$ cat protein-v1.cif   # mmCIF, C-alpha atoms
data_coords
loop_
_atom_site.group_PDB
_atom_site.id
_atom_site.type_symbol
_atom_site.label_atom_id
_atom_site.label_comp_id
_atom_site.auth_asym_id
_atom_site.auth_seq_id
_atom_site.Cartn_x
_atom_site.Cartn_y
_atom_site.Cartn_z
ATOM 1 C CA MET Z 1 193.244 47.533 109.530
ATOM 2 C CA ILE Z 2 195.410 48.014 112.594
ATOM 3 C CA ASP Z 3 197.660 45.116 113.450
ATOM 4 C CA TYR Z 4 197.485 45.148 117.254
ATOM 5 C CA ASP Z 5 199.888 42.240 117.630
ATOM 6 C CA SER Z 6 202.636 44.133 115.782
ATOM 7 C CA LEU Z 7 201.928 47.334 117.692
ATOM 8 C CA VAL Z 8 202.202 45.639 121.079
ATOM 9 C CA GLU Z 9 205.281 43.727 119.994
ATOM 10 C CA ARG Z 10 207.063 46.888 118.807
ATOM 11 C CA ALA Z 11 206.139 48.751 122.010
ATOM 12 C CA SER Z 12 207.341 45.876 124.184
ATOM 13 C CA ARG Z 13 210.658 45.613 122.338
ATOM 14 C CA ARG Z 14 211.200 49.375 122.559
ATOM 15 C CA LEU Z 15 210.495 49.268 126.301
ATOM 16 C CA ALA Z 16 212.821 46.307 126.794
ATOM 17 C CA LYS Z 17 215.652 48.120 124.967
ATOM 18 C CA THR Z 18 215.336 51.370 126.920
ATOM 19 C CA VAL Z 19 214.296 50.304 130.425
ATOM 20 C CA SER Z 20 216.108 47.783 132.594
ATOM 21 C CA ARG Z 21 214.179 45.121 134.475
ATOM 22 C CA ARG Z 22 215.681 46.355 137.744
ATOM 23 C CA SER Z 23 214.405 49.870 137.177
ATOM 24 C CA VAL Z 24 210.906 48.516 136.462
ATOM 25 C CA LEU Z 25 211.008 46.491 139.673
ATOM 26 C CA ARG Z 26 212.326 49.526 141.584
ATOM 27 C CA THR Z 27 209.530 51.739 140.249
ATOM 28 C CA ILE Z 28 206.838 49.185 141.109
ATOM 29 C CA GLY Z 29 208.358 48.722 144.583
ATOM 30 C CA THR Z 30 208.427 52.482 145.183
ATOM 31 C CA LEU Z 31 204.783 52.793 144.155
ATOM 32 C CA LEU Z 32 203.761 49.901 146.431
ATOM 33 C CA VAL Z 33 205.603 51.279 149.472
ATOM 34 C CA GLY Z 34 204.407 54.815 148.759
ATOM 35 C CA ALA Z 35 200.785 53.771 148.383
ATOM 36 C CA SER Z 36 200.816 51.692 151.559
ATOM 37 C CA SER Z 37 202.416 54.448 153.642
ATOM 38 C CA MET Z 38 200.061 57.229 152.451
ATOM 39 C CA PRO Z 39 197.410 56.525 155.131
ATOM 40 C CA LEU Z 40 200.111 56.808 157.815
ATOM 41 C CA LEU Z 41 201.085 60.350 156.900
ATOM 42 C CA PRO Z 42 199.813 63.132 159.177
ATOM 43 C CA VAL Z 43 196.690 64.878 157.895
ATOM 44 C CA ALA Z 44 194.728 67.900 159.077
ATOM 45 C CA ARG Z 45 191.855 66.387 161.021
ATOM 46 C CA GLY Z 46 190.304 69.641 162.149
ATOM 47 C CA GLN Z 47 187.253 71.230 160.574
ATOM 48 C CA SER Z 48 188.241 73.576 157.791
ATOM 49 C CA GLY Z 49 188.464 77.080 159.176
ATOM 50 C CA VAL Z 50 188.747 75.938 162.798
ATOM 51 C CA LYS Z 51 192.191 75.835 164.380
ATOM 52 C CA ASP Z 52 192.126 72.514 166.087
ATOM 53 C CA LYS Z 53 194.513 71.194 168.697
ATOM 54 C CA GLY Z 54 194.317 68.291 171.112
ATOM 55 C CA ASP Z 55 193.706 64.578 171.328
ATOM 56 C CA GLU Z 56 190.252 63.652 170.053
ATOM 57 C CA ALA Z 57 190.387 60.454 172.117
ATOM 58 C CA ALA Z 58 191.015 62.356 175.367
ATOM 59 C CA CYS Z 59 188.239 63.697 177.574
ATOM 60 C CA ASP Z 60 189.926 67.079 177.983
ATOM 61 C CA TYR Z 61 189.741 67.812 174.226
ATOM 62 C CA TRP Z 62 188.020 71.215 173.929
ATOM 63 C CA ARG Z 63 184.986 70.094 171.925
ATOM 64 C CA TYR Z 64 183.924 67.753 174.723
ATOM 65 C CA CYS Z 65 183.186 70.530 177.242
ATOM 66 C CA ALA Z 66 179.515 69.570 177.647
ATOM 67 C CA ILE Z 67 179.614 65.879 176.788
ATOM 68 C CA ASP Z 68 178.314 62.949 178.819
ATOM 69 C CA GLY Z 69 179.038 59.615 177.168
ATOM 70 C CA PHE Z 70 181.584 57.378 175.450
ATOM 71 C CA LEU Z 71 183.832 59.117 172.909
ATOM 72 C CA CYS Z 72 183.250 57.744 169.410
ATOM 73 C CA ALA Z 73 186.918 58.491 168.620
ATOM 74 C CA CYS Z 74 187.734 55.559 170.958
ATOM 75 C CA CYS Z 75 185.014 53.317 169.558
ATOM 76 C CA GLY Z 76 185.900 52.916 165.877
ATOM 77 C CA GLY Z 77 184.494 56.271 164.769
ATOM 78 C CA SER Z 78 185.895 59.783 165.027
ATOM 79 C CA VAL Z 79 185.056 63.041 166.757
ATOM 80 C CA THR Z 80 182.373 63.665 164.104
ATOM 81 C CA THR Z 81 181.527 60.251 162.659
ATOM 82 C CA CYS Z 82 179.686 57.322 164.182
ATOM 83 C CA PRO Z 83 181.389 53.917 164.173
ATOM 84 C CA PRO Z 84 180.300 51.396 161.529
ATOM 85 C CA GLY Z 85 177.003 49.760 162.419
ATOM 86 C CA THR Z 86 175.641 52.801 164.243
ATOM 87 C CA GLU Z 87 173.863 55.960 163.139
ATOM 88 C CA PRO Z 88 173.579 59.440 164.662
ATOM 89 C CA ALA Z 89 170.408 60.399 166.492
ATOM 90 C CA PRO Z 90 169.009 63.521 164.789
ATOM 91 C CA ILE Z 91 167.752 64.919 168.102
ATOM 92 C CA THR Z 92 170.683 66.256 170.111
ATOM 93 C CA TRP Z 93 171.780 68.441 172.928
ATOM 94 C CA VAL Z 94 173.836 71.517 172.226
ATOM 95 C CA GLY Z 95 176.701 73.156 174.081
ATOM 96 C CA THR Z 96 179.065 76.086 173.688
ATOM 97 C CA CYS Z 97 182.775 75.314 173.981
ATOM 98 C CA ARG Z 98 185.785 77.622 173.934
ATOM 99 C CA ASN Z 99 188.603 76.608 171.613
ATOM 100 C CA ALA Z 100 191.879 77.578 173.298
ATOM 101 C CA ALA Z 101 193.708 77.448 169.940
ATOM 102 C CA ASP Z 102 191.883 80.523 168.590
ATOM 103 C CA GLY Z 103 190.094 81.874 171.691
ATOM 104 C CA GLN Z 104 186.676 81.566 169.984
ATOM 105 C CA ASN Z 105 183.454 80.032 171.289
ATOM 106 C CA TYR Z 106 181.784 77.431 169.101
ATOM 107 C CA ILE Z 107 178.333 75.851 169.155
ATOM 108 C CA VAL Z 108 178.749 72.092 169.400
ATOM 109 C CA SER Z 109 176.058 69.527 168.666
ATOM 110 C CA TYR Z 110 176.421 66.289 170.616
ATOM 111 C CA ASN Z 111 174.823 63.484 168.639
ATOM 112 C CA ASP Z 112 174.457 60.060 170.186
ATOM 113 C CA CYS Z 113 175.392 57.159 167.894
ATOM 114 C CA CYS Z 114 172.840 54.391 168.149
ATOM 115 C CA GLY Z 115 172.254 50.828 167.046
ATOM 116 C CA LYS Z 116 174.878 48.845 169.000
ATOM 117 C CA SER Z 117 175.350 48.234 172.710
ATOM 118 C CA ALA Z 118 177.382 50.687 174.803
ATOM 119 C CA CYS Z 119 180.987 51.090 173.607
ATOM 120 C CA GLY Z 120 182.371 51.184 177.152
ATOM 121 C CA ARG Z 121 185.621 53.000 176.223
ATOM 122 C CA CYS Z 122 186.627 56.576 177.028
ATOM 123 C CA LEU Z 123 183.713 57.564 179.240
ATOM 124 C CA CYS Z 124 183.723 61.351 179.388
ATOM 125 C CA ASN Z 125 181.392 63.291 181.629
ATOM 126 C CA ARG Z 126 181.946 67.040 181.450
ATOM 127 C CA ASN Z 127 178.971 69.203 182.160
ATOM 128 C CA GLU Z 128 179.744 72.814 181.260
ATOM 129 C CA GLY Z 129 176.399 74.483 180.676
ATOM 130 C CA ASP Z 130 174.489 71.281 181.333
ATOM 131 C CA ALA Z 131 170.860 71.967 182.270
ATOM 132 C CA PRO Z 132 168.272 69.923 184.162
ATOM 133 C CA LEU Z 133 166.144 67.353 182.332
ATOM 134 C CA TYR Z 134 163.237 69.763 181.983
ATOM 135 C CA ARG Z 135 165.368 71.783 179.539
ATOM 136 C CA PRO Z 136 166.072 68.872 177.197
ATOM 137 C CA SER Z 137 167.910 70.612 174.362
ATOM 138 C CA VAL Z 138 170.722 71.596 176.742
ATOM 139 C CA SER Z 139 170.611 68.557 179.010
ATOM 140 C CA ASN Z 140 173.154 65.793 178.491
ATOM 141 C CA ASP Z 141 171.496 63.251 180.779
ATOM 142 C CA TYR Z 142 169.065 61.918 178.185
ATOM 143 C CA ASN Z 143 169.670 58.892 175.993
ATOM 144 C CA TRP Z 144 168.943 60.667 172.712
ATOM 145 C CA CYS Z 145 168.837 57.379 170.832
ATOM 146 C CA VAL Z 146 165.112 57.294 171.607
ATOM 147 C CA GLY Z 147 164.811 59.749 168.711
ATOM 148 C CA SER Z 148 166.879 57.763 166.205
ATOM 149 C CA ASN Z 149 165.720 55.358 163.535
ATOM 150 C CA SER Z 150 167.547 52.440 165.087
ATOM 151 C CA ASN Z 151 166.053 53.354 168.436
ATOM 152 C CA VAL Z 152 167.352 52.710 171.902
ATOM 153 C CA PRO Z 153 170.796 51.030 172.034
ATOM 154 C CA TYR Z 154 173.311 53.785 172.811
ATOM 155 C CA HIS Z 155 176.902 53.267 171.630
ATOM 156 C CA CYS Z 156 178.880 56.535 171.841
ATOM 157 C CA THR Z 157 178.678 60.287 171.217
ATOM 158 C CA VAL Z 158 180.124 62.553 168.497
ATOM 159 C CA SER Z 159 180.751 66.303 168.759
ATOM 160 C CA ARG Z 160 179.986 68.350 165.635
ATOM 161 C CA ILE Z 161 180.751 72.044 165.357
ATOM 162 C CA VAL Z 162 177.649 73.697 163.903
ATOM 163 C CA GLY Z 163 178.642 77.350 164.177
ATOM 164 C CA MET Z 164 180.273 80.196 166.040
ATOM 165 C CA ALA Z 165 178.832 81.473 169.296
ATOM 166 C CA ASP Z 166 180.051 85.058 169.153
ATOM 167 C CA LYS Z 167 176.718 86.869 168.804
ATOM 168 C CA THR Z 168 174.377 84.902 171.033
ATOM 169 C CA ALA Z 169 172.333 86.721 173.614
ATOM 170 C CA MET G 170 173.240 108.221 152.085
ATOM 171 C CA ALA G 171 175.251 105.382 150.578
ATOM 172 C CA SER G 172 177.070 104.803 153.848
ATOM 173 C CA GLY G 173 173.692 104.736 155.631
ATOM 174 C CA ILE G 174 172.466 101.995 153.305
ATOM 175 C CA VAL G 175 175.643 100.003 153.859
ATOM 176 C CA PHE G 176 175.249 100.444 157.612
ATOM 177 C CA VAL G 177 171.631 99.228 157.551
ATOM 178 C CA ALA G 178 172.532 96.233 155.389
ATOM 179 C CA GLY G 179 175.402 95.377 157.743
ATOM 180 C CA ALA G 180 173.126 95.609 160.789
ATOM 181 C CA ALA G 181 170.578 93.304 159.155
ATOM 182 C CA ARG G 182 173.271 90.742 158.451
ATOM 183 C CA ALA G 183 174.513 90.944 162.057
ATOM 184 C CA ASP G 184 170.964 90.380 163.345
ATOM 185 C CA ASP G 185 170.522 87.451 160.979
ATOM 186 C CA GLU G 186 173.739 85.905 162.245
ATOM 187 C CA ARG G 187 172.705 86.450 165.869
ATOM 188 C CA ALA G 188 169.293 84.911 165.124
ATOM 189 C CA ARG G 189 170.909 81.923 163.425
ATOM 190 C CA GLN G 190 173.261 81.341 166.347
ATOM 191 C CA ASN G 191 170.382 81.588 168.818
ATOM 192 C CA TYR G 192 168.432 79.117 166.685
ATOM 193 C CA LEU G 193 171.369 76.688 166.844
ATOM 194 C CA LEU G 194 171.656 77.075 170.605
ATOM 195 C CA HIS G 195 167.988 77.090 171.579
ATOM 196 C CA CYS G 196 166.031 75.286 168.845
ATOM 197 C CA MET G 197 168.319 73.056 166.793
ATOM 198 C CA GLY G 198 168.549 70.300 169.412
ATOM 199 C CA CYS G 199 164.992 69.202 168.586
ATOM 200 C CA HIS G 200 164.120 70.876 165.260
ATOM 201 C CA THR G 201 167.558 69.923 163.800
ATOM 202 C CA GLU G 202 170.057 72.137 162.027
ATOM 203 C CA THR G 203 168.042 72.263 158.806
ATOM 204 C CA GLY G 204 164.651 72.698 160.478
ATOM 205 C CA VAL G 205 163.274 69.400 159.211
ATOM 206 C CA GLY G 206 162.549 68.082 162.722
ATOM 207 C CA LEU G 207 161.839 64.404 163.197
ATOM 208 C CA PRO G 208 158.689 63.249 161.398
ATOM 209 C CA GLY G 209 156.102 61.974 163.826
ATOM 210 C CA ARG G 210 157.956 63.393 166.835
ATOM 211 C CA VAL G 211 159.243 66.914 166.235
ATOM 212 C CA PRO G 212 157.386 69.112 163.726
ATOM 213 C CA SER G 213 159.236 70.442 160.687
ATOM 214 C CA LEU G 214 159.633 74.210 160.436
ATOM 215 C CA ARG G 215 160.243 74.086 156.714
ATOM 216 C CA GLY G 216 157.410 75.769 154.865
ATOM 217 C CA THR G 217 155.006 75.404 157.770
ATOM 218 C CA LEU G 218 156.325 78.282 159.893
ATOM 219 C CA ALA G 219 155.641 80.831 157.155
ATOM 220 C CA ARG G 220 152.160 79.388 156.576
ATOM 221 C CA LEU G 221 151.359 79.487 160.286
ATOM 222 C CA ALA G 222 152.511 83.088 160.565
ATOM 223 C CA GLN G 223 150.025 84.223 157.908
ATOM 224 C CA ASP G 224 146.891 84.095 160.057
ATOM 225 C CA PRO G 225 146.027 84.936 163.698
ATOM 226 C CA ALA G 226 145.281 81.338 164.755
ATOM 227 C CA GLY G 227 148.587 80.163 163.327
ATOM 228 C CA ARG G 228 150.531 82.983 164.971
ATOM 229 C CA SER G 229 148.907 82.248 168.317
ATOM 230 C CA TYR G 230 149.840 78.563 167.923
ATOM 231 C CA VAL G 231 153.495 79.346 167.099
ATOM 232 C CA LEU G 232 153.896 81.641 170.093
ATOM 233 C CA ARG G 233 152.367 79.148 172.545
ATOM 234 C CA VAL G 234 154.205 75.903 171.642
ATOM 235 C CA PRO G 235 156.553 74.458 174.312
ATOM 236 C CA GLY G 236 159.720 75.508 172.468
ATOM 237 C CA VAL G 237 158.611 79.150 172.613
ATOM 238 C CA THR G 238 156.957 79.336 176.035
ATOM 239 C CA GLN G 239 159.860 77.496 177.706
ATOM 240 C CA SER G 240 162.609 79.353 175.882
ATOM 241 C CA THR G 241 165.080 81.318 177.972
ATOM 242 C CA LEU G 242 165.492 83.929 175.204
ATOM 243 C CA GLU G 243 164.024 87.343 175.935
ATOM 244 C CA PRO G 244 161.013 88.264 173.758
ATOM 245 C CA ALA G 245 162.918 90.534 171.347
ATOM 246 C CA ARG G 246 165.562 87.884 170.654
ATOM 247 C CA LEU G 247 162.940 85.173 170.309
ATOM 248 C CA ALA G 248 160.959 87.278 167.818
ATOM 249 C CA GLU G 249 164.214 87.774 165.895
ATOM 250 C CA VAL G 250 164.793 84.007 165.744
ATOM 251 C CA LEU G 251 161.219 83.363 164.560
ATOM 252 C CA ASN G 252 161.475 86.001 161.830
ATOM 253 C CA TRP G 253 164.831 84.629 160.700
ATOM 254 C CA ALA G 254 163.468 81.060 160.685
ATOM 255 C CA ILE G 255 160.509 82.081 158.511
ATOM 256 C CA ARG G 256 162.963 83.355 155.886
ATOM 257 C CA ALA G 257 165.521 80.579 156.318
ATOM 258 C CA PHE G 258 163.012 77.732 156.156
ATOM 259 C CA ASP G 259 160.379 79.249 153.873
ATOM 260 C CA ASP G 260 160.829 76.748 151.016
ATOM 261 C CA GLY G 261 159.022 79.034 148.577
ATOM 262 C CA THR G 262 156.099 79.967 150.798
ATOM 263 C CA GLN G 263 156.463 83.675 149.985
ATOM 264 C CA PRO G 264 157.649 84.973 153.367
ATOM 265 C CA ALA G 265 157.553 88.561 152.049
ATOM 266 C CA GLN G 266 153.792 88.486 152.649
ATOM 267 C CA VAL G 267 154.205 87.499 156.295
ATOM 268 C CA SER G 268 154.072 90.111 159.062
ATOM 269 C CA THR G 269 157.076 89.861 161.313
ATOM 270 C CA PHE G 270 156.668 88.802 164.931
ATOM 271 C CA THR G 271 157.234 91.572 167.464
ATOM 272 C CA ALA G 272 158.670 91.379 170.967
ATOM 273 C CA ALA G 273 155.347 92.570 172.439
ATOM 274 C CA GLU G 274 153.444 89.852 170.551
ATOM 275 C CA VAL G 275 155.847 87.186 171.821
ATOM 276 C CA ALA G 276 155.717 88.456 175.414
ATOM 277 C CA ALA G 277 151.906 88.550 175.447
ATOM 278 C CA ALA G 278 151.322 85.082 173.987
ATOM 279 C CA ARG G 279 153.975 83.032 175.750
ATOM 280 C CA ASP G 280 152.212 83.450 179.095
ATOM 281 C CA TYR G 281 149.515 81.082 177.806
ATOM 282 C CA PRO G 282 151.188 77.760 176.924
ATOM 283 C CA LEU G 283 149.248 75.325 174.752
ATOM 284 C CA LEU G 284 147.974 72.218 176.479
ATOM 285 C CA GLU G 285 146.886 70.404 173.307
ATOM 286 C CA VAL G 286 149.809 71.107 170.993
ATOM 287 C CA ASN G 287 149.250 68.434 168.339
ATOM 288 C CA ALA G 288 145.483 68.945 168.161
ATOM 289 C CA THR G 289 145.910 72.700 167.799
ATOM 290 C CA ARG G 290 148.525 72.264 165.088
ATOM 291 C CA GLU G 291 146.230 69.928 163.191
ATOM 292 C CA ARG G 292 143.388 72.410 163.482
ATOM 293 C CA VAL G 293 145.378 75.331 162.061
ATOM 294 C CA LEU G 294 147.496 73.443 159.509
ATOM 295 C CA GLY G 295 145.369 70.437 158.615
ATOM 296 C CA ALA G 296 146.169 66.772 159.239
ATOM 297 C CA PRO G 297 149.884 65.895 159.016
ATOM 298 C CA LYS G 298 151.166 63.925 156.061
ATOM 299 C CA ALA G 299 152.166 60.303 156.585
ATOM 300 C CA VAL G 300 155.662 59.805 157.970
ATOM 301 C CA THR G 301 158.012 58.835 155.166
ATOM 302 C CA THR G 302 161.766 59.248 155.498
ATOM 303 C CA PRO G 303 162.879 60.514 158.919
ATOM 304 C CA ARG G 304 166.282 61.613 157.723
ATOM 305 C CA ASP G 305 168.267 64.732 158.352
ATOM 306 C CA THR G 306 170.236 66.137 155.420
ATOM 307 C CA ARG G 307 173.037 67.941 157.252
ATOM 308 C CA SER G 308 176.612 66.959 156.600
ATOM 309 C CA ASP G 309 179.145 65.872 159.157
ATOM 310 C CA ARG G 310 181.750 68.408 160.082
#
$ encode --input "protein-v1.cif" --output "structure tokens"
Amino acid sequence: MIDYDSLVERASRRLAKTVSRRSVLRTIGTLLVGASSMPLLPVARGQSGVKDKGDEAACDYWRYCAIDGFLCACCGGSVTTCPPGTEPAPITWVGTCRNAADGQNYIVSYNDCCGKSACGRCLCNRNEGDAPLYRPSVSNDYNWCVGSNSNVPYHCTVSRIVGMADKTA
Amino acid sequence: MASGIVFVAGAARADDERARQNYLLHCMGCHTETGVGLPGRVPSLRGTLARLAQDPAGRSYVLRVPGVTQSTLEPARLAEVLNWAIRAFDDGTQPAQVSTFTAAEVAAARDYPLLEVNATRERVLGAPKAVTTPRDTRSDR
């Protein structure tokens, strides 16, 4: 039968002989500082495969070329994710935006995030390619939250790249 | 001969990509990226489009719905999108047995928009199933 007490005792004594208390404290301290600073390090926030440049919380960011609403990046979400407590409306309007970083045109889906009252920060109203209300899928004047599960309250808008726009007629 | 086959295959892929991009630009806003629509509000294309395209009443319905009659795509491009969507959203409904839509067919039918869209759909497809989970399955990018 294995004597666990003896095993642990021997391992502890071996560790105490070979490793100083200061070095243990230093190692633990390094791990703590390292772990806490990891979220602060710069990360690639662009979609994989898309060269992305610009401030996602600024209205002149390239993906926002046909947007009309509050930027979710200023409201606790990101350029593609709704803030906590809201959900994206599945019915959207669609625009085509040119990415200056690679000179390509991309199809962008603008999904309203719904379920909380209006965010009120970073209002952005750019209307490239915006169409009148009688062409709803390319009109940005609707409150698309009427099509969501949580229904009407509009909070902010995200901008998802859904594809290239290099072969459209 | 071999180069001809490669050329034809390449052209088909280019047309598919053009059709997909036109779908994203002109149809996705309502029918969603995956074609599931919004149960109770926007009809799903998955499975149903291929079924509708298999008989004259269904084809007439498809070509006269608001999304088709109000589309700004020219007939040839619109036919291309419809034929791509049948394959992309077939969900095992054997699209090989479906005749493709032609530009002439699209141009002729879209001059006669449907007034009773839901009733016509029910007549050609049968009563819709009960609304269950109105969720889209696309991922955030």
$ resolve_selection --input "protein-v1.cif" --expression "the PyMOL selection byres ((chain G) within 9 of (chain Z))" --output "PyMOL selection string"
chain G and resi 183-184+186-191+193-202+206-207+210-211+239-240+242-243+246+303-305+309-310
$ atom_distance --input "protein-v1.cif" --atom1 "atom CA of Glu274 of chain G" --atom2 "atom CA of Ala254 of chain G"
16.6 Å
$ closest_residue --input "protein-v1.cif" --among "G:Thr271, G:Thr203, G:Thr217, G:Gln266" --to "Leu232 of chain G" --atoms "all atoms listed in the file"
G:Thr271
$ atom_distance --input "protein-v1.cif" --atom1 "atom CA of Leu283 of chain G" --atom2 "atom CA of Arg233 of chain G"
5.4 Å
$ atom_distance --input "protein-v1.cif" --atom1 "atom CA of Ala66 of chain Z" --atom2 "atom CA of Arg126 of chain Z"
5.2 Å
$ resolve_selection --input "protein-v1.cif" --expression "the PyMOL selection byres ((chain G and resi 228) around 12)" --output "PyMOL selection string"
chain G and resi 217-227+229-234+237+248+251-252+255+267-271+274-275+277-279+289-290+293-294
$ decode --input "protein-v1.cif" --residues "segment 149-168 of chain Z" --atoms "N, CA, C and O atoms" --output "short mmCIF file (atom, residue, chain, number, x, y, z; two decimals), in the first residue's frame"
data_model
loop_
_atom_site.label_atom_id
_atom_site.label_comp_id
_atom_site.auth_asym_id
_atom_site.auth_seq_id
_atom_site.Cartn_x
_atom_site.Cartn_y
_atom_site.Cartn_z
N ASN Z 149 -36.10 38.80 -31.39
CA ASN Z 149 -36.89 38.09 -30.39
C ASN Z 149 -37.26 38.99 -29.23
O ASN Z 149 -38.31 38.88 -28.62
N SER Z 150 -36.34 39.91 -28.89
CA SER Z 150 -36.61 40.77 -27.73
C SER Z 150 -37.39 42.01 -28.14
O SER Z 150 -37.65 42.88 -27.34
N ASN Z 151 -37.71 42.06 -29.41
CA ASN Z 151 -38.56 43.11 -29.96
C ASN Z 151 -38.00 44.52 -29.82
O ASN Z 151 -36.81 44.70 -29.82
N VAL Z 152 -38.83 45.52 -29.64
CA VAL Z 152 -38.52 46.86 -30.12
C VAL Z 152 -37.31 47.61 -29.54
O VAL Z 152 -36.60 48.23 -30.32
N PRO Z 153 -37.02 47.60 -28.24
CA PRO Z 153 -35.99 48.54 -27.78
C PRO Z 153 -34.67 48.42 -28.54
O PRO Z 153 -34.04 47.36 -28.55
N TYR Z 154 -34.26 49.51 -29.17
CA TYR Z 154 -33.02 49.54 -29.94
C TYR Z 154 -31.89 50.07 -29.07
O TYR Z 154 -32.04 51.09 -28.40
N HIS Z 155 -30.74 49.40 -29.08
CA HIS Z 155 -29.62 49.82 -28.24
C HIS Z 155 -28.45 50.35 -29.07
O HIS Z 155 -28.00 51.47 -28.87
N CYS Z 156 -27.94 49.57 -30.00
CA CYS Z 156 -26.81 50.00 -30.84
C CYS Z 156 -26.71 49.09 -32.06
O CYS Z 156 -27.54 48.19 -32.22
N THR Z 157 -25.71 49.32 -32.89
CA THR Z 157 -25.60 48.56 -34.15
C THR Z 157 -24.20 47.99 -34.31
O THR Z 157 -23.21 48.67 -34.03
N VAL Z 158 -24.12 46.72 -34.75
CA VAL Z 158 -22.82 46.10 -35.05
C VAL Z 158 -22.65 46.00 -36.57
O VAL Z 158 -23.62 46.11 -37.32
N SER Z 159 -21.41 45.80 -37.00
CA SER Z 159 -21.10 45.76 -38.44
C SER Z 159 -20.30 44.50 -38.73
O SER Z 159 -19.10 44.44 -38.46
N ARG Z 160 -20.94 43.49 -39.28
CA ARG Z 160 -20.28 42.21 -39.55
C ARG Z 160 -19.92 42.09 -41.01
O ARG Z 160 -20.76 42.32 -41.88
N ILE Z 161 -18.68 41.70 -41.30
CA ILE Z 161 -18.31 41.43 -42.68
C ILE Z 161 -18.85 40.05 -43.04
O ILE Z 161 -18.56 39.07 -42.36
N VAL Z 162 -19.63 39.98 -44.11
CA VAL Z 162 -20.19 38.68 -44.51
C VAL Z 162 -19.57 38.16 -45.80
O VAL Z 162 -19.79 37.01 -46.17
N GLY Z 163 -18.81 38.99 -46.50
CA GLY Z 163 -18.17 38.50 -47.71
C GLY Z 163 -17.52 39.60 -48.51
O GLY Z 163 -17.63 40.78 -48.17
N MET Z 164 -16.85 39.19 -49.58
CA MET Z 164 -16.26 40.16 -50.51
C MET Z 164 -17.34 40.67 -51.44
O MET Z 164 -18.37 40.04 -51.62
N ALA Z 165 -17.08 41.82 -52.05
CA ALA Z 165 -18.02 42.36 -53.03
C ALA Z 165 -17.25 42.66 -54.31
O ALA Z 165 -17.32 43.76 -54.84
N ASP Z 166 -16.53 41.64 -54.81
CA ASP Z 166 -15.71 41.89 -56.00
C ASP Z 166 -16.32 41.34 -57.27
O ASP Z 166 -15.79 41.52 -58.35
N LYS Z 167 -17.45 40.63 -57.16
CA LYS Z 167 -18.04 40.03 -58.36
C LYS Z 167 -19.51 40.41 -58.51
O LYS Z 167 -20.22 39.82 -59.33
N THR Z 168 -19.97 41.35 -57.75
CA THR Z 168 -21.40 41.67 -57.80
C THR Z 168 -21.73 42.47 -59.04
O THR Z 168 -20.93 43.26 -59.52
#
